[in-house]
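Colleague: What follows is a structure written as C-alpha cells; I'll ask about it next.
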Amino acid sequence: MATDRASEPATIEEPVSYFLEEQRYHGKSERTVEAYERVLGQFETFVEDESGVTPANATRRECMAWVHSLRGHLEPSTIATYASYVHRFYDYMTRVEAFEGNPMSLVVEEMNESIDTNPTRREISIPEMRSFVGDLAHPLERAVVVTLLKTGMRVGELCNLDLRDLHANFEAVDLEWTPRVQLEARPDSLYVDEKPIRGAVVNGEERTASNKRKRGTVIPVDSELQAVLAEWLAIRPDARSTAEPLFLDTGDSWGQRLEPSDVRYIVEERARARGWYRTGGGASENVTPHYFRHFFTTHLRDRTGDRGVVKYLRGDVASDVIDTYTHDWGDQVRTVYEANIYSLGV
C-alpha cells in the first residue's frame, strides 16, 4: 500500500535537499527553488562552521547568530527575506515530522527587519530607457527587452510565448505560422495564455516556467514592437521544439526555448554596464526583468489615468473587469493603448 509522503517519519539524511525536492513537487518555480537553495546553503555552512551543528539540530541561538551575521552586509528587507526562507524550511520539516520544532519561529517574531512588499524602485525616465534600449545590439536582446517594456508581461510569460501567440504580418520575414484562434480577428496582437504552469505540457512541450494569469489576455502590438520582432524573426534559428517558441536561445542551447534565467542574465549584464545593477542590491536599486513590468505599469497608468486598462493588460484583474474590456476589445483596449504607449525610439 502506498504511503503518504507527509506521514513519513523522520530519518532524512539530507534535510535541505529533501526540502528542495519537495518544493519542486509542489510546483515552485526553479527561480524560487534556487533562491531557497542559495540561502539554506549559506545557513547550513554558517551553523556548521560556527557551532559544529547541522540544520537538523540547530537551536534558536544558532538561528539568531546567523541573522545577526547578515546585518551590516545586506539590506534589512533582504535579511527579512532570507530569514523567511529558513523559517519556511523549518516549518515545512516540522509539519512532515522530520524535525521536532521550528527554532526560527521566535527569531522571526522578534526581528526588527521586515520584508518590503512594495519597495520604492529606481526612477528611470522614458528618455533614459530609450537610451538603454538603443544600446542593445543583438536582435534577440532588443526583442526581449522591448516586448517586456511594451507589454508589462512577466518573464515566465514571455518565455512561454509560441509563434502561434503572435498575430502580425511581416513582409520581409520568410516564416509562416497560424495564429491561435483567440487572435483570428485581432491582428497586430500577442496572446498571453493563462494555462502554462511549470511541469505542464502545453502545445506539445513541457514548460519550465509558469504564467500567473487567471484568464488569457490579448495585448496590442504597436509599430515599434512589430519592428523589433520582425528584426528578430528574420534571424531566428530553427526551433528544436514542435511548439515553435517565439524566443529561442542563440548561445549554448541553440534553438531551444529561451529560459527565464537567460532573460535575467541578459538584463542584468546590460543593466550592470549602465550602473543600474549591483550585486547585493535589492529591488529598490536593481533593474531586472520585473522592473520593466513596474516601468510599464507606472508610465502607462500615469498617461492613461485608466487603471482598468492597465490591470487588464497586466493580466491581474478579476473576471468581471476582463469581461468589460474584452466586450469591445478594439475600442476599450487597443485605442487607449495606442494613444498612450510610450515610444522607445526603435
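Going through the C-alpha cells in order, the chains are called A, B, and so on, while each chain numbers its residues from 1 and the ligands are numbered from 1 in the order shown.
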I'd like the contact shell of Gly282 in chain A - 8 Å cut-off, only C-alpha atoms, skipping same-chain residues fewer than 4 positions apart - returned as a list in words.
Modeller: Glu75, Thr78 and Asn286 of chain A
Colleague: Pull N, CA and C atoms from the residues just selected and write them as a compact mmCIF listing (two decimals), in the first residue's frame.
Modeller:
```
# COMPACT_ATOMS: atom_id res chain seq x y z
N GLU A 75 20.69 44.57 3.00
CA GLU A 75 19.58 45.46 3.32
C GLU A 75 18.63 44.78 4.30
N THR A 78 16.23 42.44 2.73
CA THR A 78 16.85 41.20 2.26
C THR A 78 17.07 40.24 3.42
N ASN A 286 18.10 47.67 -8.16
CA ASN A 286 18.47 46.92 -9.35
C ASN A 286 17.36 46.89 -10.40
```
Colleague: Output as a tab-separated table one row per residue of range 246-344 of chain A within 8 Å of range 197-215 of chain A: the closest atom pair and its distance in Å to one decimal place, counting only C-alpha atoms, sorted by chain and residue number ascending.
Modeller:
```
residue	atom	partner	partner_atom	distance
A:Glu259	CA	A:Thr208	CA	7.7
A:Pro260	CA	A:Ala209	CA	7.4
A:Gly315	CA	A:Arg213	CA	5.5
A:Asp316	CA	A:Arg213	CA	6.4
A:Ser319	CA	A:Arg215	CA	7.7
```
Colleague: Distance CA of Glu244 in chain A-CA of Val145 in chain A, one decimal place?
Modeller: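 It comes out at 20.0 Å.
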Colleague: May I have the residues within 7 Å of range 44-56 of chain A as an MDAnalysis selection string, using only C-alpha atoms and disregarding those fewer than 6 positions away in the same chain?
Modeller: chainID A and resid 62 66 99
Colleague: With C-alpha atoms kept, could you save the residues just selected as a compact mmCIF listing (two decimals), in the first residue's frame?
Modeller:
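This is the output file out-v4.txt:
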```
# COMPACT_ATOMS: atom_id res chain seq x y z
CA GLU A 62 22.34 29.47 16.17
CA TRP A 66 23.08 33.66 11.68
CA PHE A 99 12.06 17.92 12.80
```
Colleague: Which residue is closest to Val39 in chain A? Choose from A:Tyr25, A:Tyr82, A:Tyr312, A:Tyr18 and count only C-alpha atoms.
Modeller: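 Checking each of A:Tyr25, A:Tyr82, A:Tyr312, A:Tyr18 against Val39 in chain A, counting only C-alpha atoms, the winner is A:Tyr82.
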Colleague: Give me, as a PDB file with C-alpha atoms, in the first residue's frame, the residues of range 102-317 of chain A that a backbone DSSP run labels helix (DSSP H, G or I).
Modeller:
```pdb
ATOM      1  CA  SER A 105       9.784  30.985  14.878  1.00  0.00           C
ATOM      2  CA  LEU A 106      10.709  33.223  17.791  1.00  0.00           C
ATOM      3  CA  VAL A 107      13.662  34.704  15.899  1.00  0.00           C
ATOM      4  CA  VAL A 108      11.387  35.877  13.071  1.00  0.00           C
ATOM      5  CA  GLU A 109       8.826  37.244  15.529  1.00  0.00           C
ATOM      6  CA  GLU A 110      11.442  39.317  17.350  1.00  0.00           C
ATOM      7  CA  ILE A 126      11.460  57.365 -20.737  1.00  0.00           C
ATOM      8  CA  PRO A 127      14.429  59.089 -22.477  1.00  0.00           C
ATOM      9  CA  GLU A 128      16.832  57.121 -20.253  1.00  0.00           C
ATOM     10  CA  MET A 129      15.040  53.886 -21.124  1.00  0.00           C
ATOM     11  CA  ARG A 130      15.215  54.785 -24.817  1.00  0.00           C
ATOM     12  CA  SER A 131      18.966  55.158 -24.470  1.00  0.00           C
ATOM     13  CA  PHE A 132      19.167  51.777 -22.711  1.00  0.00           C
ATOM     14  CA  VAL A 133      17.219  50.070 -25.478  1.00  0.00           C
ATOM     15  CA  GLY A 134      19.314  51.831 -28.108  1.00  0.00           C
ATOM     16  CA  PRO A 139      18.088  41.452 -32.262  1.00  0.00           C
ATOM     17  CA  LEU A 140      17.135  38.859 -29.620  1.00  0.00           C
ATOM     18  CA  GLU A 141      18.052  41.158 -26.746  1.00  0.00           C
ATOM     19  CA  ARG A 142      16.186  44.080 -28.320  1.00  0.00           C
ATOM     20  CA  ALA A 143      13.094  41.975 -28.991  1.00  0.00           C
ATOM     21  CA  VAL A 144      13.020  40.526 -25.476  1.00  0.00           C
ATOM     22  CA  VAL A 145      13.511  43.845 -23.678  1.00  0.00           C
ATOM     23  CA  VAL A 146      11.098  45.801 -25.891  1.00  0.00           C
ATOM     24  CA  THR A 147       8.449  43.075 -25.520  1.00  0.00           C
ATOM     25  CA  LEU A 148       8.721  43.308 -21.725  1.00  0.00           C
ATOM     26  CA  LEU A 149       8.629  47.110 -21.802  1.00  0.00           C
ATOM     27  CA  LYS A 150       5.726  47.342 -24.250  1.00  0.00           C
ATOM     28  CA  THR A 151       3.501  44.676 -22.684  1.00  0.00           C
ATOM     29  CA  VAL A 155       9.457  36.983 -17.679  1.00  0.00           C
ATOM     30  CA  GLY A 156       7.952  33.489 -17.470  1.00  0.00           C
ATOM     31  CA  GLU A 157       5.054  34.607 -19.654  1.00  0.00           C
ATOM     32  CA  LEU A 158       7.475  35.957 -22.238  1.00  0.00           C
ATOM     33  CA  CYS A 159       9.419  32.696 -22.318  1.00  0.00           C
ATOM     34  CA  LEU A 163       4.734  31.702 -32.600  1.00  0.00           C
ATOM     35  CA  ARG A 164       1.007  30.938 -32.548  1.00  0.00           C
ATOM     36  CA  ASP A 165       0.638  33.555 -29.787  1.00  0.00           C
ATOM     37  CA  VAL A 181      -7.987  31.098 -32.654  1.00  0.00           C
ATOM     38  CA  GLN A 182      -8.127  33.810 -29.967  1.00  0.00           C
ATOM     39  CA  LEU A 183      -6.212  36.118 -32.343  1.00  0.00           C
ATOM     40  CA  SER A 223       4.655  49.534 -34.696  1.00  0.00           C
ATOM     41  CA  GLU A 224       7.837  49.643 -32.588  1.00  0.00           C
ATOM     42  CA  LEU A 225       7.313  46.201 -31.086  1.00  0.00           C
ATOM     43  CA  GLN A 226       6.395  44.856 -34.507  1.00  0.00           C
ATOM     44  CA  ALA A 227       9.658  46.246 -35.916  1.00  0.00           C
ATOM     45  CA  VAL A 228      11.918  44.607 -33.321  1.00  0.00           C
ATOM     46  CA  LEU A 229      10.015  41.324 -33.562  1.00  0.00           C
ATOM     47  CA  ALA A 230      10.452  41.376 -37.351  1.00  0.00           C
ATOM     48  CA  GLU A 231      14.169  42.012 -36.882  1.00  0.00           C
ATOM     49  CA  TRP A 232      14.405  39.047 -34.504  1.00  0.00           C
ATOM     50  CA  LEU A 233      12.297  36.657 -36.594  1.00  0.00           C
ATOM     51  CA  PRO A 260      13.772  32.960 -17.580  1.00  0.00           C
ATOM     52  CA  SER A 261      17.354  32.632 -16.339  1.00  0.00           C
ATOM     53  CA  ASP A 262      18.574  33.590 -19.837  1.00  0.00           C
ATOM     54  CA  VAL A 263      16.432  36.717 -19.813  1.00  0.00           C
ATOM     55  CA  ARG A 264      17.581  37.671 -16.315  1.00  0.00           C
ATOM     56  CA  TYR A 265      21.203  37.262 -17.401  1.00  0.00           C
ATOM     57  CA  ILE A 266      20.705  39.493 -20.447  1.00  0.00           C
ATOM     58  CA  VAL A 267      19.025  42.228 -18.426  1.00  0.00           C
ATOM     59  CA  GLU A 268      21.472  42.002 -15.519  1.00  0.00           C
ATOM     60  CA  GLU A 269      24.516  42.307 -17.765  1.00  0.00           C
ATOM     61  CA  ARG A 270      23.139  45.260 -19.702  1.00  0.00           C
ATOM     62  CA  ALA A 271      21.824  46.990 -16.575  1.00  0.00           C
ATOM     63  CA  ARG A 272      25.131  46.466 -14.763  1.00  0.00           C
ATOM     64  CA  ALA A 273      27.003  48.124 -17.617  1.00  0.00           C
ATOM     65  CA  PRO A 289      13.078  41.918 -15.977  1.00  0.00           C
ATOM     66  CA  HIS A 290      10.407  42.528 -13.326  1.00  0.00           C
ATOM     67  CA  TYR A 291      11.433  46.191 -13.220  1.00  0.00           C
ATOM     68  CA  PHE A 292      10.157  46.529 -16.794  1.00  0.00           C
ATOM     69  CA  ARG A 293       6.704  45.413 -15.589  1.00  0.00           C
ATOM     70  CA  HIS A 294       6.871  48.146 -12.943  1.00  0.00           C
ATOM     71  CA  PHE A 295       8.013  50.682 -15.591  1.00  0.00           C
ATOM     72  CA  PHE A 296       5.157  49.720 -17.922  1.00  0.00           C
ATOM     73  CA  THR A 297       2.580  49.941 -15.144  1.00  0.00           C
ATOM     74  CA  THR A 298       3.762  53.287 -13.800  1.00  0.00           C
ATOM     75  CA  HIS A 299       4.134  55.133 -17.090  1.00  0.00           C
ATOM     76  CA  LEU A 300       1.046  53.750 -18.834  1.00  0.00           C
ATOM     77  CA  ARG A 301      -1.154  54.321 -15.790  1.00  0.00           C
ATOM     78  CA  ASP A 302       0.081  57.903 -15.481  1.00  0.00           C
ATOM     79  CA  ARG A 303      -0.553  58.548 -19.168  1.00  0.00           C
ATOM     80  CA  THR A 304      -3.997  56.930 -19.415  1.00  0.00           C
ATOM     81  CA  ARG A 307      -6.268  51.692 -14.032  1.00  0.00           C
ATOM     82  CA  GLY A 308      -8.701  49.201 -15.581  1.00  0.00           C
ATOM     83  CA  VAL A 309      -6.925  49.077 -18.937  1.00  0.00           C
ATOM     84  CA  VAL A 310      -3.532  48.713 -17.266  1.00  0.00           C
ATOM     85  CA  LYS A 311      -4.806  45.957 -14.982  1.00  0.00           C
ATOM     86  CA  TYR A 312      -6.295  44.159 -17.966  1.00  0.00           C
ATOM     87  CA  LEU A 313      -3.003  44.326 -19.886  1.00  0.00           C
ATOM     88  CA  ARG A 314      -1.065  43.133 -16.836  1.00  0.00           C
TER      89      ARG A 314
END
```
Colleague: Between A:Ala234, A:Val67, A:Leu161, A:Met153, single out the one closest to Glu176 in chain A, counting only C-alpha atoms.
Modeller: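 Under the stated criterion, the closest residue is A:Ala234.
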Colleague: Of the candidates A:Arg278, A:Arg60, A:Glu34, A:Ala83, which one gets nearest to Glu21 in chain A if we count only C-alpha atoms?
Modeller: A:Glu34
Colleague: Point out the residue among A:Arg240, A:Ala80, A:Ile219, A:Tyr277 with the least atom-to-atom distance to Gly152 in chain A, counting only C-alpha atoms.
Modeller: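 Closest to Gly152 in chain A of all the choices is A:Ile219.
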Colleague: Quote the spacing between CA of Asn169 in chain A and CA of Lys195 in chain A in Å to one decimal place.
Modeller: 25.8 Å
Colleague: Which residue is closest to Pro15 in chain A? Choose from A:Gln42, A:Thr94, A:Thr335, A:Ser29 and count only C-alpha atoms.
Modeller: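 Looking at the shortest contact to Pro15 in chain A, the residue is A:Thr94.
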